[in-house]
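One structure is given here, and the rest of the page talks about it.
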Amino acid sequence: MNTQTADILGALNPADSFTLAMDEEIRKDGLPGSYGCFALELSNTPDINVLQERIGEFSQRFPVAMASLQQRGRRFYWCKRKTSPQLFLQHHCPADQTDSEFQQIKIDQIINHKQTRETITPIEFHLLTGPVKNTFFTRWIHPFCDAPGISLILNYLCTEGMEQRQKFGPPAAESLVNVQLRKYRWWQKIGLLLKGKRYISELDSQESIQPFNTDQAPQRLNYTIKRLSKVQTEQVIKQARKCVGLTGISLYYIACLIRALDKLNPENQGEAYCTPYAFNLRKQRALSPMTGNHVCALFAQAPRRIVKNRKKLFAHLKQQNADAIRQQLDYAFLPLMWAGSWLPLAKYGETLRMSYGSGKERSSFWFSDIGRLDFPTYGFPGAEINAVFNVCQVSAPPALAFLSCIYQNQLTLSYNFVEPISNLLQIETLHQLVISELLGDSS
Amino acid sequence: MKQKLRNFIFQELVFVANPELFSDDDHLLEAGLDSMGIMRLIMFIEDEYGITLPDTEIAPDNVQSFNALEKWILRHQKG
């Protein structure tokens, strides 16, 4: 067997390569790469033996969890390692720190830990224990899986019966990006590719507004989590239904953030706010695929003149989304991702980020909404899940990623920002503006 | 009509372990049909049946089950 291929566990699919290009871009900014993180805040210290067992079982079923990401020729592959990395790591609060200090310091270390792409473990499970606070913190690199995938992995770990856990997967499930691409004949792919290019060119005809001044060099990721009460969450959902209807909860969050950013820095240069958002190719409630990325991208863009009028902004974003789906622009990104996966990483990253016209950053911020999360109530070994939050690294510019999810009827907002380009004070002000928009207090 | 809707929803949008046990009155939103899925479903219906479903009518009452969807479509086909 060829030694160049004998250790290969699998190739990246076009959506994995897309996230790898962004990993390269984040690394170029001096940050650790495209980490995604998901935290489960637990009621007490869990049953560590059972947890360890389930993580061991998971890594046996999905060996790519222990792989090394390596370049062979132009492409990247998940390759076997000589020694298995440790996936489950425990950290206990030392006597000289408070629970909160310890959690903050440790999570900060985990999300800002720099390691080469080849040596990094695709997914790590950190258990942070202390006298009061216990957090199960999962960190993964994005080519390994996407946000819906991590939700499935955590659901797997929360599933008690072995027979039930076997329903997840199967490990060999095919990339949904490739499945979708195979539905098109070659000329249809070319048609979609050209449509996708036109779509991007149209977006690029307006210079994107950047939320922060990026003159300073990026140093580290910071984040802040804001959890709304059940009553507030209900009000937000009611407002979203009223303003954008049943079809656009995510668009409601995007619109509110855009308006808040515009109020925060109304003088910022540029013509329009533009944000990419992913749509999931999995069927809702499906238990597979768990690993790999199975998403495609769309953009929400709003010229500044429309942003000023709340009603018009909602109508604009909703129409834009409907038009994109009607014209199949959502799927038009698939052949572009396939073609991009053959480009050198640096070139691909540049194409993804930089506007054709101005050569400036296309995204005003990154956005991801996981929606409602549904973990089995008593599934986590020996502890209940009280709350959740997620965190992600982001390139600078735009130096801002906004994540949202709903757990136990509480909307959780995660603001991820790169220091010193932005800072906590600025984000606190932004959050006040966002809340006012979400609750519909602002007009 | 309902069979076409079933095929589209179960093949493209929502995973149900036993689709044959999912009745025409069962709740699609509770089964996992989300906002993006509803958008796709509406585009599918408009293309398939040559009708336009007004935004103002995209409400839980019209999309909550296969029976509700059929009624909604028929109303616009006749109108």
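Going through the structure tokens in order, the chains are called A, B, and so on, while each chain numbers its residues from 1 and the ligands are numbered from 1 in the order shown.
Residues surrounding Gly32 (chain B) within 7 Å are Gln284 and Arg285 of chain A; Val14 of chain B [only C-alpha atoms; sequence separation below 5 positions excluded].
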Show which residues sit within 9 Å of Phe8 (chain B), as JSON, numbers by chain. Count only C-alpha atoms, and ignore same-chain residues fewer than 5 positions away.
{"B": [3, 13, 41, 44]}
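Using only C-alpha atoms, one finds that the residues of chain A close to chain B, at 8 Å or less, are A:Gly245, A:Leu246, A:Thr247, A:Gly248, A:Ile249, A:Phe279, A:Arg282, A:Lys283, A:Gln284, A:Arg285, A:Ala286, A:Ala322, A:Ile325, A:Arg326.
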Okay, now the selection with C-alpha atoms, as a compact mmCIF listing (two decimals), in the first residue's frame?
# COMPACT_ATOMS: atom_id res chain seq x y z
CA GLY A 245 -43.40 35.68 10.42
CA LEU A 246 -42.88 31.96 10.87
CA THR A 247 -40.16 31.78 8.23
CA GLY A 248 -37.51 34.08 9.58
CA ILE A 249 -36.56 33.83 13.26
CA PHE A 279 -28.16 26.62 6.33
CA ARG A 282 -29.47 17.73 7.29
CA LYS A 283 -33.14 17.00 7.77
CA GLN A 284 -34.43 18.39 11.05
CA ARG A 285 -34.26 15.81 13.89
CA ALA A 286 -32.02 13.50 11.86
CA ALA A 322 -37.26 34.33 -0.22
CA ILE A 325 -34.32 30.34 -2.06
CA ARG A 326 -36.60 30.83 -5.07
Find the spatial neighbours of region 70-73 of chain B, counting only C-alpha atoms, within a cut-off of 10 Å - ignore same-chain residues fewer than 2 positions away - and output them as a tab-separated table (two decimals) with C-alpha atoms, in the first residue's frame.
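Output file around.tsv is given in full below:
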chain	number	residue	atom	x	y	z
B	1	MET	CA	-51.39	16.11	-3.20
B	2	LYS	CA	-50.71	14.99	0.35
B	5	LEU	CA	-46.10	16.95	0.27
B	24	ASP	CA	-52.15	13.71	8.20
B	45	ILE	CA	-45.69	24.35	-3.21
B	46	GLU	CA	-45.66	27.53	-5.33
B	49	TYR	CA	-49.01	23.97	-7.93
B	51	ILE	CA	-49.98	29.37	-6.94
B	52	THR	CA	-48.73	32.22	-4.76
B	53	LEU	CA	-49.16	31.86	-1.03
B	57	GLU	CA	-51.10	33.65	5.60
B	58	ILE	CA	-47.87	31.90	6.64
B	61	ASP	CA	-52.76	27.14	11.42
B	62	ASN	CA	-51.88	26.71	7.73
B	63	VAL	CA	-48.66	24.71	8.04
B	65	SER	CA	-50.22	19.38	9.46
B	66	PHE	CA	-50.64	17.77	6.04
B	67	ASN	CA	-54.39	18.31	6.25
B	68	ALA	CA	-53.90	22.01	7.05
B	75	ARG	CA	-58.16	27.47	-1.14
B	76	HIS	CA	-55.67	29.23	-3.41
B	77	GLN	CA	-56.10	26.83	-6.32
B	78	LYS	CA	-59.83	27.51	-6.33
B	79	GLY	CA	-59.44	31.23	-5.70
List the spatial neighbours of Ile200 (chain A) as an NGL selection string - criterion: any atom at most 12 Å away, only C-alpha atoms, same-chain residues fewer than 2 positions off excluded.
:A and (193-198 or 202-206 or 274 or 276 or 297-301 or 324 or 329-330 or 332-333 or 336 or 351-357 or 362-363)
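Residues of region 127-183 of chain A that DSSP places in helix (DSSP H, G or I), based on the backbone of this structure, are Ala147, Pro148, Gly149, Ile150, Ser151, Leu152, Ile153, Leu154, Asn155, Tyr156, Leu157, Met162, Glu163, Gln164, Arg165, Leu176, Val177, Asn178, Val179, Gln180, Leu181 and Arg182 of chain A.
Candidate residues A:Ser404, A:Ser151, A:Asn213, A:Gln103 were compared for distance to Lys226 (chain A), and the nearest is A:Ser404, using only C-alpha atoms.
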